[in-house]
Every structure is written in structure tokens, then in C-alpha cells.
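Asks: Structure supplied as input_11.txt; contents: compact mmCIF, C-alpha atoms and all ligand atoms.
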# COMPACT_ATOMS: atom_id res chain seq x y z
CA MET Z 16 -66.96 26.97 8.26
CA LYS Z 17 -64.51 29.67 9.41
CA ALA Z 18 -66.08 29.55 12.88
CA LEU Z 19 -65.61 25.77 13.00
CA ILE Z 20 -61.96 26.08 11.94
CA ASP Z 21 -61.48 28.71 14.69
CA LYS Z 22 -63.07 26.40 17.26
CA LEU Z 23 -60.72 23.56 16.31
CA ALA Z 24 -57.71 25.90 16.45
CA GLU Z 25 -58.77 27.09 19.91
CA GLY Z 26 -58.87 23.50 21.17
CA VAL Z 27 -62.65 23.40 21.62
CA SER Z 28 -63.88 19.84 21.37
CA LEU Z 29 -66.10 19.30 18.32
CA SER Z 30 -68.96 16.90 17.65
CA ASP Z 31 -68.64 14.15 15.04
CA GLY Z 32 -70.95 16.16 12.79
CA GLU Z 33 -68.73 19.23 13.06
CA LEU Z 34 -65.57 17.22 12.40
CA GLY Z 35 -67.30 15.68 9.37
CA LEU Z 36 -68.08 19.14 8.00
CA LEU Z 37 -64.47 20.20 8.51
CA ILE Z 38 -63.24 17.14 6.62
CA GLU Z 39 -65.68 17.52 3.76
CA GLY Z 40 -64.41 20.93 2.77
CA GLY Z 41 -64.79 24.65 2.40
CA GLU Z 42 -62.57 27.62 3.29
CA GLY Z 43 -59.46 25.64 2.28
CA GLU Z 44 -57.21 28.70 2.19
CA TYR Z 45 -58.38 29.91 5.60
CA LEU Z 46 -57.74 26.45 7.07
CA ARG Z 47 -54.29 26.35 5.48
CA GLU Z 48 -53.37 29.76 6.88
CA ARG Z 49 -54.48 28.82 10.40
CA ALA Z 50 -52.53 25.55 10.26
CA GLU Z 51 -49.43 27.27 8.94
CA LYS Z 52 -49.64 29.89 11.69
CA VAL Z 53 -49.81 27.21 14.39
CA ARG Z 54 -46.91 25.33 12.85
CA ILE Z 55 -44.81 28.51 12.71
CA ALA Z 56 -45.67 29.35 16.33
CA HIS Z 57 -44.23 26.01 17.50
CA TYR Z 58 -41.54 25.11 14.97
CA GLY Z 59 -40.83 28.33 13.08
CA ARG Z 60 -39.99 27.75 9.44
CA GLU Z 61 -37.75 24.78 10.14
CA VAL Z 62 -38.22 21.51 8.30
CA TYR Z 63 -36.70 18.43 9.92
CA LEU Z 64 -35.01 15.84 7.76
CA ARG Z 65 -35.13 12.10 8.36
CA GLY Z 66 -32.96 9.66 6.44
CA LEU Z 67 -35.17 6.74 5.47
CA ILE Z 68 -33.51 3.34 5.14
CA GLU Z 69 -35.72 0.61 3.68
CA LEU Z 70 -34.26 -2.48 5.35
CA THR Z 71 -36.27 -5.20 3.69
CA ASN Z 72 -39.17 -5.71 1.32
CA TYR Z 73 -39.88 -9.22 2.60
CA CYS Z 74 -43.21 -9.13 4.39
CA GLY Z 75 -45.36 -11.79 6.01
CA ASN Z 76 -48.49 -9.65 5.78
CA ASN Z 77 -50.97 -9.34 2.97
CA CYS Z 78 -52.36 -5.82 3.34
CA LEU Z 79 -54.65 -5.45 0.34
CA TYR Z 80 -53.24 -2.05 -0.68
CA CYS Z 81 -49.51 -2.66 -0.36
CA GLY Z 82 -47.14 -3.45 -3.22
CA ILE Z 83 -44.75 -5.50 -1.06
CA ARG Z 84 -47.54 -7.72 0.34
CA ALA Z 85 -46.57 -11.37 0.75
CA GLY Z 86 -48.93 -12.40 -2.06
CA ASN Z 87 -47.18 -10.28 -4.70
CA ARG Z 88 -44.97 -12.82 -6.46
CA ARG Z 89 -43.58 -10.21 -8.84
CA VAL Z 90 -41.52 -8.37 -6.24
CA ARG Z 91 -37.77 -8.86 -6.35
CA ARG Z 92 -37.19 -9.39 -2.64
CA TYR Z 93 -34.12 -8.03 -0.83
CA ARG Z 94 -32.90 -7.44 2.67
CA LEU Z 95 -29.99 -5.22 3.67
CA SER Z 96 -27.16 -6.67 5.76
CA PRO Z 97 -26.13 -4.96 9.02
CA GLU Z 98 -23.03 -3.64 7.20
CA GLU Z 99 -25.17 -2.17 4.41
CA ILE Z 100 -27.48 -0.52 6.96
CA LEU Z 101 -24.53 1.05 8.81
CA ALA Z 102 -23.07 2.22 5.50
CA CYS Z 103 -26.39 4.01 4.75
CA CYS Z 104 -26.20 5.76 8.15
CA GLU Z 105 -22.56 6.70 7.56
CA ARG Z 106 -23.47 8.34 4.27
CA GLY Z 107 -26.53 9.95 5.84
CA TYR Z 108 -24.51 11.39 8.71
CA ARG Z 109 -22.06 12.94 6.29
CA LEU Z 110 -24.95 14.44 4.32
CA GLY Z 111 -26.24 16.06 7.53
CA PHE Z 112 -28.98 13.72 8.72
CA ARG Z 113 -29.44 13.44 12.50
CA THR Z 114 -32.40 11.05 12.45
CA PHE Z 115 -32.41 7.68 10.75
CA VAL Z 116 -35.63 5.79 10.12
CA LEU Z 117 -35.30 2.04 9.66
CA GLN Z 118 -38.41 0.87 7.85
CA GLY Z 119 -39.39 -2.44 6.36
CA GLY Z 120 -41.91 -5.16 5.82
CA GLU Z 121 -42.59 -7.62 8.62
CA ASP Z 122 -39.59 -9.79 7.79
CA PRO Z 123 -39.08 -12.75 10.15
CA ALA Z 124 -35.33 -12.58 9.46
CA PHE Z 125 -35.12 -9.33 11.46
CA THR Z 126 -35.37 -11.00 14.85
CA ASP Z 127 -34.48 -9.08 17.99
CA SER Z 128 -31.07 -10.70 18.03
CA VAL Z 129 -30.40 -9.33 14.54
CA LEU Z 130 -31.95 -5.91 15.13
CA CYS Z 131 -30.76 -5.03 18.64
CA PRO Z 132 -27.05 -5.05 17.74
CA ILE Z 133 -27.82 -2.88 14.68
CA VAL Z 134 -29.68 -0.39 16.90
CA GLU Z 135 -26.83 -0.44 19.45
CA SER Z 136 -24.18 0.13 16.78
CA ILE Z 137 -26.05 3.07 15.25
CA LYS Z 138 -26.58 4.70 18.64
CA SER Z 139 -22.97 4.21 19.73
CA ARG Z 140 -21.42 5.39 16.47
CA TRP Z 141 -23.70 8.41 16.10
CA PRO Z 142 -24.85 9.29 19.63
CA ASP Z 143 -26.13 12.68 18.49
CA CYS Z 144 -28.67 11.01 16.20
CA ALA Z 145 -32.21 9.85 16.89
CA LEU Z 146 -33.25 6.44 15.67
CA THR Z 147 -36.77 5.69 14.51
CA LEU Z 148 -38.04 2.21 13.77
CA SER Z 149 -40.99 1.38 11.51
CA LEU Z 150 -41.09 -2.38 11.35
CA GLY Z 151 -44.73 -3.14 11.94
CA GLU Z 152 -46.32 -5.20 14.67
CA ARG Z 153 -44.00 -6.99 17.08
CA SER Z 154 -44.42 -8.32 20.59
CA ARG Z 155 -44.29 -6.00 23.59
CA GLU Z 156 -41.13 -7.79 24.65
CA SER Z 157 -39.52 -7.07 21.29
CA TYR Z 158 -40.49 -3.40 21.46
CA ARG Z 159 -39.01 -3.32 24.98
CA ARG Z 160 -35.70 -4.86 23.86
CA LEU Z 161 -35.38 -2.49 20.92
CA ARG Z 162 -36.10 0.47 23.16
CA GLU Z 163 -33.48 -0.72 25.61
CA ALA Z 164 -31.03 -1.13 22.73
CA GLY Z 165 -31.50 2.59 22.07
CA ALA Z 166 -34.37 3.14 19.62
CA ASP Z 167 -36.01 6.52 20.31
CA ARG Z 168 -39.08 6.57 18.12
CA TYR Z 169 -41.48 4.13 16.43
CA LEU Z 170 -43.82 4.73 13.50
CA LEU Z 171 -46.79 2.41 13.16
CA ARG Z 172 -49.64 3.84 11.15
CA HIS Z 173 -52.95 2.67 12.56
CA GLU Z 174 -54.16 2.77 8.90
CA THR Z 175 -57.77 3.47 9.94
CA ALA Z 176 -59.43 3.88 13.31
CA ASP Z 177 -62.65 2.35 11.95
CA ARG Z 178 -62.75 -1.38 12.75
CA GLU Z 179 -64.96 -2.27 9.81
CA HIS Z 180 -62.84 -0.28 7.37
CA TYR Z 181 -59.72 -1.93 8.79
CA GLY Z 182 -61.31 -5.29 7.94
CA ARG Z 183 -61.76 -4.21 4.31
CA LEU Z 184 -58.13 -3.16 3.94
CA HIS Z 185 -56.56 -6.20 5.57
CA PRO Z 186 -56.91 -9.97 5.45
CA ALA Z 187 -58.78 -11.69 8.29
CA ALA Z 188 -55.46 -12.81 9.80
CA MET Z 189 -54.63 -9.20 10.69
CA SER Z 190 -56.18 -7.70 13.80
CA PHE Z 191 -57.34 -4.14 14.35
CA ASP Z 192 -57.15 -4.69 18.11
CA ASN Z 193 -53.56 -5.87 17.95
CA ARG Z 194 -52.46 -2.88 15.87
CA MET Z 195 -54.03 -0.50 18.36
CA ALA Z 196 -52.58 -2.46 21.29
CA CYS Z 197 -49.11 -2.17 19.73
CA LEU Z 198 -49.45 1.62 19.56
CA TYR Z 199 -50.34 1.86 23.26
CA GLN Z 200 -47.45 -0.46 24.17
CA LEU Z 201 -44.99 1.66 22.20
CA LYS Z 202 -46.15 4.79 23.96
CA GLU Z 203 -46.01 3.16 27.36
CA LEU Z 204 -42.44 2.00 26.68
CA GLY Z 205 -41.41 5.61 26.18
CA TYR Z 206 -41.02 5.73 22.40
CA GLN Z 207 -41.92 8.96 20.63
CA THR Z 208 -44.76 7.25 18.81
CA GLY Z 209 -46.28 7.86 15.39
CA CYS Z 210 -49.59 6.67 14.05
CA GLY Z 211 -51.25 7.63 10.77
CA PHE Z 212 -53.41 6.68 7.84
CA MET Z 213 -53.82 6.84 4.10
CA VAL Z 214 -56.27 9.30 2.59
CA GLY Z 215 -58.67 7.81 0.04
CA SER Z 216 -58.01 4.16 0.83
CA PRO Z 217 -60.77 1.99 -0.68
CA GLY Z 218 -63.99 2.14 1.34
CA GLN Z 219 -62.92 5.15 3.42
CA THR Z 220 -65.88 7.31 4.46
CA THR Z 221 -66.07 10.69 6.18
CA ALA Z 222 -67.21 8.82 9.29
CA ALA Z 223 -64.00 6.73 9.21
CA LEU Z 224 -61.91 9.90 8.91
CA VAL Z 225 -63.79 11.41 11.85
CA ARG Z 226 -62.75 8.32 13.84
CA ASP Z 227 -59.13 8.86 12.73
CA LEU Z 228 -59.18 12.43 14.00
CA ARG Z 229 -60.82 11.40 17.26
CA PHE Z 230 -58.27 8.63 17.77
CA ILE Z 231 -55.38 11.00 17.05
CA ARG Z 232 -56.71 13.54 19.52
CA GLU Z 233 -57.13 10.91 22.23
CA PHE Z 234 -53.87 9.01 21.60
CA GLU Z 235 -51.78 12.18 21.29
CA PRO Z 236 -48.96 10.71 19.23
CA GLU Z 237 -45.73 12.67 18.77
CA MET Z 238 -45.84 11.97 15.02
CA VAL Z 239 -48.60 11.43 12.46
CA GLY Z 240 -47.95 10.00 8.98
CA ILE Z 241 -50.61 10.95 6.44
CA GLY Z 242 -50.36 10.33 2.71
CA PRO Z 243 -52.72 9.60 -0.15
CA PHE Z 244 -53.54 6.00 -1.02
CA LEU Z 245 -51.88 5.23 -4.35
CA PRO Z 246 -52.74 2.05 -6.26
CA HIS Z 247 -50.22 -0.68 -7.02
CA GLY Z 248 -51.09 -2.76 -10.08
CA GLU Z 249 -50.18 -6.09 -8.50
CA THR Z 250 -52.53 -5.73 -5.52
CA PRO Z 251 -56.28 -6.35 -5.17
CA PHE Z 252 -56.74 -2.56 -5.13
CA GLY Z 253 -54.69 -2.01 -8.28
CA ASP Z 254 -57.61 -0.46 -10.19
CA ARG Z 255 -58.84 1.82 -7.42
CA PRO Z 256 -58.44 5.59 -7.74
CA ALA Z 257 -55.69 7.42 -5.85
CA GLY Z 258 -56.58 9.52 -2.83
CA SER Z 259 -57.24 13.21 -3.46
CA LEU Z 260 -54.55 15.86 -3.13
CA THR Z 261 -56.98 18.43 -1.72
CA LEU Z 262 -58.33 16.06 0.92
CA THR Z 263 -54.83 14.94 1.95
CA LEU Z 264 -53.75 18.57 2.39
CA ARG Z 265 -56.92 19.32 4.31
CA LEU Z 266 -56.27 16.45 6.72
CA LEU Z 267 -52.67 17.57 7.25
CA ALA Z 268 -53.96 21.01 8.22
CA LEU Z 269 -56.67 19.57 10.50
CA VAL Z 270 -54.13 17.35 12.29
CA ARG Z 271 -51.81 20.34 12.76
CA LEU Z 272 -54.69 22.19 14.45
CA LEU Z 273 -55.70 19.17 16.54
CA LEU Z 274 -52.14 18.54 17.77
CA PRO Z 275 -50.21 21.81 17.38
CA ARG Z 276 -46.81 20.31 18.28
CA VAL Z 277 -47.05 17.13 16.24
CA LEU Z 278 -44.22 16.07 13.92
CA LEU Z 279 -45.98 15.81 10.59
CA PRO Z 280 -44.21 14.59 7.46
CA ALA Z 281 -44.95 15.73 3.93
CA THR Z 282 -44.79 12.15 2.66
CA THR Z 283 -43.24 10.54 -0.41
CA ALA Z 284 -46.76 9.47 -1.44
CA LEU Z 285 -47.81 13.14 -1.48
CA GLY Z 286 -44.75 13.99 -3.60
CA THR Z 287 -45.62 11.11 -5.93
CA LEU Z 288 -49.25 12.24 -6.32
CA HIS Z 289 -48.29 15.78 -7.32
CA PRO Z 290 -44.96 17.28 -8.46
CA GLU Z 291 -45.20 19.93 -5.75
CA GLY Z 292 -46.94 17.73 -3.22
CA ARG Z 293 -44.13 17.96 -0.69
CA GLU Z 294 -44.05 21.75 -0.77
CA LEU Z 295 -47.85 21.93 -0.58
CA GLY Z 296 -47.73 19.63 2.45
CA ILE Z 297 -45.28 21.98 4.17
CA LEU Z 298 -47.55 24.92 3.41
CA HIS Z 299 -50.44 23.03 5.04
CA GLY Z 300 -48.68 22.48 8.36
CA ALA Z 301 -46.24 19.61 7.72
CA ASN Z 302 -42.76 20.04 9.25
CA VAL Z 303 -40.82 16.89 8.33
CA VAL Z 304 -39.48 15.34 5.12
CA MET Z 305 -37.95 11.90 4.84
CA PRO Z 306 -35.54 11.59 1.91
CA ASN Z 307 -34.46 8.11 0.98
CA LEU Z 308 -31.03 6.84 2.08
CA SER Z 309 -31.53 3.27 0.85
CA PRO Z 310 -29.14 1.92 -1.79
CA PRO Z 311 -30.55 2.25 -5.37
CA GLU Z 312 -31.41 -1.48 -5.74
CA ALA Z 313 -33.41 -1.35 -2.54
CA ARG Z 314 -35.19 1.84 -3.54
CA GLU Z 315 -36.23 0.31 -6.85
CA ASN Z 316 -37.74 -2.71 -5.15
CA TYR Z 317 -39.45 -1.06 -2.18
CA MET Z 318 -42.44 -0.21 -4.35
CA LEU Z 319 -45.41 0.23 -2.04
CA TYR Z 320 -47.39 1.78 -4.92
CA ASP Z 321 -46.83 2.43 -8.61
CA ASN Z 322 -44.37 5.17 -9.67
CA LYS Z 323 -43.08 5.77 -6.14
CA LEU Z 324 -40.58 8.64 -6.31
CA ASN Z 325 -37.03 7.65 -5.51
CA THR Z 326 -34.75 10.15 -7.23
CA GLY Z 327 -34.02 13.89 -7.17
CA ALA Z 328 -35.20 15.69 -4.05
CA GLU Z 329 -36.70 12.41 -2.81
CA GLU Z 330 -33.26 10.82 -2.61
CA ALA Z 331 -30.89 11.76 0.19
CA GLY Z 332 -28.20 12.68 -2.37
CA GLY Z 333 -30.57 15.32 -3.75
CA LEU Z 334 -30.52 17.24 -0.48
CA GLU Z 335 -29.42 20.47 -2.12
CA GLU Z 336 -32.32 20.33 -4.54
CA LEU Z 337 -34.68 19.63 -1.66
CA ALA Z 338 -33.25 22.51 0.40
CA ARG Z 339 -33.62 24.84 -2.60
CA ARG Z 340 -37.21 23.81 -3.15
CA LEU Z 341 -38.07 24.29 0.52
CA GLU Z 342 -36.37 27.68 0.54
CA LYS Z 343 -38.48 28.76 -2.44
CA THR Z 344 -41.51 27.80 -0.35
CA GLY Z 345 -40.24 30.02 2.50
CA TYR Z 346 -38.90 27.18 4.67
CA GLN Z 347 -35.51 25.92 5.73
CA ALA Z 348 -34.21 22.34 5.95
CA VAL Z 349 -32.30 21.99 9.23
CA VAL Z 350 -29.62 19.66 10.55
CA SER Z 351 -31.04 18.56 13.90
CA ARG Z 352 -32.61 15.55 15.57
CA GLY Z 353 -35.89 17.43 15.33
CA ASP Z 354 -37.47 16.06 18.48
CA HIS Z 355 -41.07 16.60 19.42
CA ARG Z 356 -41.41 19.79 21.46
CA LYS Z 357 -43.16 19.19 24.73
CA PRO Z 358 -45.25 22.06 26.10
N1 LIG V 1 -44.49 -2.88 7.75
C1 LIG V 1 -44.51 -1.67 8.51
C2 LIG V 1 -45.91 -1.32 8.94
O1 LIG V 1 -46.83 -2.06 8.61
O2 LIG V 1 -46.09 -0.33 9.64
C3 LIG V 1 -43.86 -0.50 7.79
C4 LIG V 1 -43.83 -0.54 6.32
S1 LIG V 1 -45.39 -0.18 5.55
C5 LIG V 1 -45.04 -0.55 3.88
C6 LIG V 1 -45.42 1.60 5.63
C7 LIG V 1 -46.70 2.30 5.24
O3 LIG V 1 -46.84 2.34 3.82
C8 LIG V 1 -47.99 1.68 5.69
O4 LIG V 1 -48.26 2.02 7.01
C9 LIG V 1 -49.02 2.23 4.69
O5 LIG V 1 -49.83 3.26 5.25
C10 LIG V 1 -48.15 2.76 3.54
N2 LIG V 1 -48.59 2.19 2.27
C11 LIG V 1 -48.59 0.90 1.91
N3 LIG V 1 -49.16 0.75 0.70
C12 LIG V 1 -49.53 1.98 0.28
C13 LIG V 1 -50.21 2.46 -0.88
N4 LIG V 1 -50.62 1.64 -1.84
N5 LIG V 1 -50.43 3.80 -0.98
C14 LIG V 1 -50.01 4.63 -0.01
N6 LIG V 1 -49.39 4.23 1.12
C15 LIG V 1 -49.16 2.90 1.27
Let me see the file written as C-alpha cells.

Replies:
Amino acid sequence: MKALIDKLAEGVSLSDGELGLLIEGGEGEYLRERAEKVRIAHYGREVYLRGLIELTNYCGNNCLYCGIRAGNRRVRRYRLSPEEILACCERGYRLGFRTFVLQGGEDPAFTDSVLCPIVESIKSRWPDCALTLSLGERSRESYRRLREAGADRYLLRHETADREHYGRLHPAAMSFDNRMACLYQLKELGYQTGCGFMVGSPGQTTAALVRDLRFIREFEPEMVGIGPFLPHGETPFGDRPAGSLTLTLRLLALVRLLLPRVLLPATTALGTLHPEGRELGILHGANVVMPNLSPPEARENYMLYDNKLNTGAEEAGGLEELARRLEKTGYQAVVSRGDHRKP
């Protein structure tokens, strides 16, 4: 196993069988150490902060795993006004954030003519900040307009690179091909692009995870979002078990070795799964955390899964607590845009 980990770290291309063995386990501490070493070589002990603003929990999609799916009638729906969004950025800027992430469900109210002026205002008021969007699948034209308005980055998890598995996680109306096409369009338009997947989503096999790693290697995204699947009681997968902590950490480390310069968040889902999940993620190669800047009412209603953390170090106001916790882990939260470092 150590030899396989070394091969991956040296950039040798591995067979599906070898990748499968790496995913399935063994020598966890050795893998962690190698991933941490690579992360330190490229990014030192810095952890980049992103201020997450959850714009809307209206969503036209019905992803089987997601708490804000259109079919969940129990969600109290909200959408932030442009003024509320700018107020979140204002507060975030004062707290030290230099990247804002606007995330939301696929809400038809956020047309380009609503979003572009918001993007333009954020970029003109805080020109030293990076702006990331995570608003799901849109047309190429829409991505182009938003990019022209000033958006720098776009996060769109591919969710799974296995077509059949994708079909089990999503209703027939959603298309694997379109999601993948969106990712290539984003990249081509010059966004720093992020893909990603949940660990332990229902029906996920080692073969599907091998496909995820292969896709990530080929696509070479600037960012990869990986977190455990966590059940939400009001979804068709409400009684399925959560993804495993060990496997999530293992995949973070493998992705760090596959793409040494990737921006890799220790996600809220990881922090929700385990009280020290965020710190463990950092120790396994992650270099980004995304505290929540949304107003409290929004945070309470953007429940993608049960018990989603939204206070303390998870909330932007708890930045000192977060910084203290990272410091105890041997890392340092930094005020910076935290761009991807090109070779
Ligand atoms: N609508 C946008 C999109 O589809 O990319 C962004 C918002 S979506 C809620 C953000 C991410 O939340 C998804 O890509 C998915 O991986 C994650 N997510 C949704 N439900 C989840 C669950 N039950 N457990 C863990 N992660 C979940």
C-alpha cells in the first residue's frame, strides 16, 4: 500500500484496480502524512477563508439527497434581496473575508438581470475580493454574462462521475451529460472551477469513486468540494446511513496527492459529521474553510441535511474561535483571496 501511495504522490498514473485499492484503505496515517507534506509544500500552513452566503433555498430540482429539493414541502423558503446580500459582504469584509461565495438552489428568480448587477456591485465595492458563484446549472450564455460581470470562480459539484450512479441520485429530468457539459463550459470561460462529490451517497461503489478520481485528474479543477453524504429526514434518502469519516478523510488526502495545488475545503458536512471534522480535514490535506455569512434566518432554513452546523466556528462571527482551533491544529487562518497557485 505504501508503494501505491508513493506512486500516486510521484504523479505515476495508476490502474483502476490500484486506485480502488487506495480508496478501500490501509496505511491511513502514511497517506495522511504524504498529503499533508504536499499541501505544506504548495500552501504552507495557511488556511484560506471563504464567506459563504446562502442566497436562496428555493430550488427547481429534486435531487434525491438534498433537503432543499423542490419536493420538500416542509422547507420555509426564503431568498435574500440584493441589499441583504451586499450587507452580508459588508460584514464579511469587516471580519476579514476576501472571498465571498454566493450559493443557492436553482431559483428561477435569480435571473441574469438580477444576478449580474449584484456581481458588479460586489466587485466594484470590494475590488480586492474574489467572488465565487455556486448556483447550479445555467446556460453557457448565463455563465458568460456572470463572468463578464466579474465573477471569478464557480463551484459545481459533479456529484458522481458514474453515469448510472448519477441516475440513482437524481430524478430522470436531471442530466449527467448536462452537468458535465456545464463544468467544461465554466472552465472554458475562464472561471477557476470547482467540481466535487459526496462520500457515501446511496449506491456509491468503489468503482464509482475510482471514476471520480479519474475525472478529477483529467478535468484538473482548481477546487474540489468533498464532504460526507448526510441524510435529511424529509428526502427519499432520509433513512440512509451517513458517509464515513475515515473514507471522506482518505479521499481528501488522495485528491491532494492527485492535484497537489488544488483548493480543497474542509466542508461544513465534515464538521457536522464529527466535532473535529474540520480540523481532521485540514490535517488530511484540505486548505480552505467556508464559514457562513448568511443572516441567521437564512442559515436556519438552508438545511441540506439534518443537524447542519451553523453556529460557533461554522459561523463567520465565530472567526476567532475558528482561528484558535486551526492554530491548535498547527495551521493559520489568513486574510487573502487565496487564489489557486499555478505552477
Ligand atoms: N444548487 C447548486 C448546485 O446544485 O450545485 C448549489 C447548492 S447545492 C445544495 C450544494 C451541494 O450540497 C451539492 O452539490 C451537494 O453535493 C451538497 N449536498 C446536498 N445535499 C446533501 C446531503 N444530504 N449531504 C451532504 N451534502 C449534500

Asks: With 9 Å as the threshold, what does the neighbourhood of (-41.1, 6.4, 16.4) contain in terms of residues, counting only C-alpha atoms? Coordinates are those of the file; answer as a PyMOL selection string.

Replies: chain Z and resi 116+146-149+166-171+201+206-210+237-238

Asks: Please, which residues have at least one atom within 8 Å of an atom of ligand LIG 1 (chain V), using only C-alpha atoms and all ligand atoms, listed as a ChimeraX atom specification?

Replies: /Z:74,78,80-83,118-121,149-152,170-174,211-213,216,240-247,284,319-321

Asks: List every residue of segment 242-287 of chain Z that has an atom at most 10 Å from any atom of segment 61-70 of chain Z, giving for each one its closest atom pair and the distance in Å to one decimal, counting all atoms listed in the file, sorted by chain and then by ascending residue number, as a Markdown table.

Replies:
| residue | atom | partner | partner_atom | distance |
| --- | --- | --- | --- | --- |
| Z:Leu278 | CA | Z:Tyr63 | CA | 8.8 |
| Z:Leu279 | CA | Z:Tyr63 | CA | 9.7 |
| Z:Pro280 | CA | Z:Tyr63 | CA | 8.8 |
| Z:Ala281 | CA | Z:Val62 | CA | 9.9 |

Asks: Using atom CA of Leu36 of chain Z and atom CA of Ala222 of chain Z as the two end points, give the distance in Å to one decimal.

Replies: 10.4 Å

Asks: Write out as an MDAnalysis selection string the residues lying within 9 Å of segment 224-235 of chain Z, counting all atoms listed in the file and excluding same-chain residues fewer than 4 positions away.

Replies: chainID Z and resid 31:32 34:35 38 173:177 198:199 208 210:212 214 219:220 239 266 269:270 273:274 277

Asks: Work out how far apart atom CA of Asp122 of chain Z and atom CA of Asn72 of chain Z are and give it in Å to one decimal.

Replies: 7.7 Å

Asks: Is it possible to get the residues within 10 Å of (-30.3, -4.9, 19.1) (coordinates as in the file, counting all atoms listed in the file) written as number ranges by chain?

Replies: Z: 126-137, 157, 160-166

Asks: What separation in Å, quoted to one decimal, exists between atom CA of Lys17 of chain Z and atom CA of Thr263 of chain Z?

Replies: 19.1 Å

Asks: Can you pull out the residues contacting Gly107 of chain Z? Cut-off 9 Å, using all atoms listed in the file, and skip same-chain residues under 4 positions away; I want them as a PyMOL selection string.

Replies: chain Z and resi 66+102-103+111-115+308+331-332

Asks: Could you write out that same residue set with C-alpha atoms as a PDB file, in the coordinates of the input?

Replies:
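As written to disk, part37.pdb reads:
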ATOM      1  CA  GLY Z  66     -32.960   9.660   6.440  1.00  0.00           C
ATOM      2  CA  ALA Z 102     -23.070   2.220   5.500  1.00  0.00           C
ATOM      3  CA  CYS Z 103     -26.390   4.010   4.750  1.00  0.00           C
ATOM      4  CA  GLY Z 111     -26.240  16.060   7.530  1.00  0.00           C
ATOM      5  CA  PHE Z 112     -28.980  13.720   8.720  1.00  0.00           C
ATOM      6  CA  ARG Z 113     -29.440  13.440  12.500  1.00  0.00           C
ATOM      7  CA  THR Z 114     -32.400  11.050  12.450  1.00  0.00           C
ATOM      8  CA  PHE Z 115     -32.410   7.680  10.750  1.00  0.00           C
ATOM      9  CA  LEU Z 308     -31.030   6.840   2.080  1.00  0.00           C
ATOM     10  CA  ALA Z 331     -30.890  11.760   0.190  1.00  0.00           C
ATOM     11  CA  GLY Z 332     -28.200  12.680  -2.370  1.00  0.00           C
TER      12      GLY Z 332
END

Asks: Nearest to Arg340 of chain Z among Z:Gly327, Z:Pro310, Z:Pro123, Z:Pro236, with distances taken over only C-alpha atoms: which residue is it?

Replies: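 Of the candidates, the smallest distance to Arg340 of chain Z is held by Z:Gly327.
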
Asks: Point out the residue among Z:Gly41, Z:Gly59, Z:Gly215, Z:Gly75 with the least atom-to-atom distance to Gln347 of chain Z, counting only C-alpha atoms.

Replies: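 Using only C-alpha atoms, the shortest distance to Gln347 of chain Z belongs to Z:Gly59.
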
Asks: Could you name the residues that touch Asn87 of chain Z at 9 Å or less, counting all atoms listed in the file, but leaving out those on the same chain fewer than 5 positions away, as a PyMOL selection string?

Replies: chain Z and resi 77+82+249-250

Asks: Smallest atom-to-atom distance to Leu337 of chain Z: which of Z:Asn307, Z:Ser28, Z:Ser139, Z:Thr221, using only C-alpha atoms?

Replies: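 Ranking Z:Asn307, Z:Ser28, Z:Ser139, Z:Thr221 by distance to Leu337 of chain Z, first place goes to Z:Asn307.
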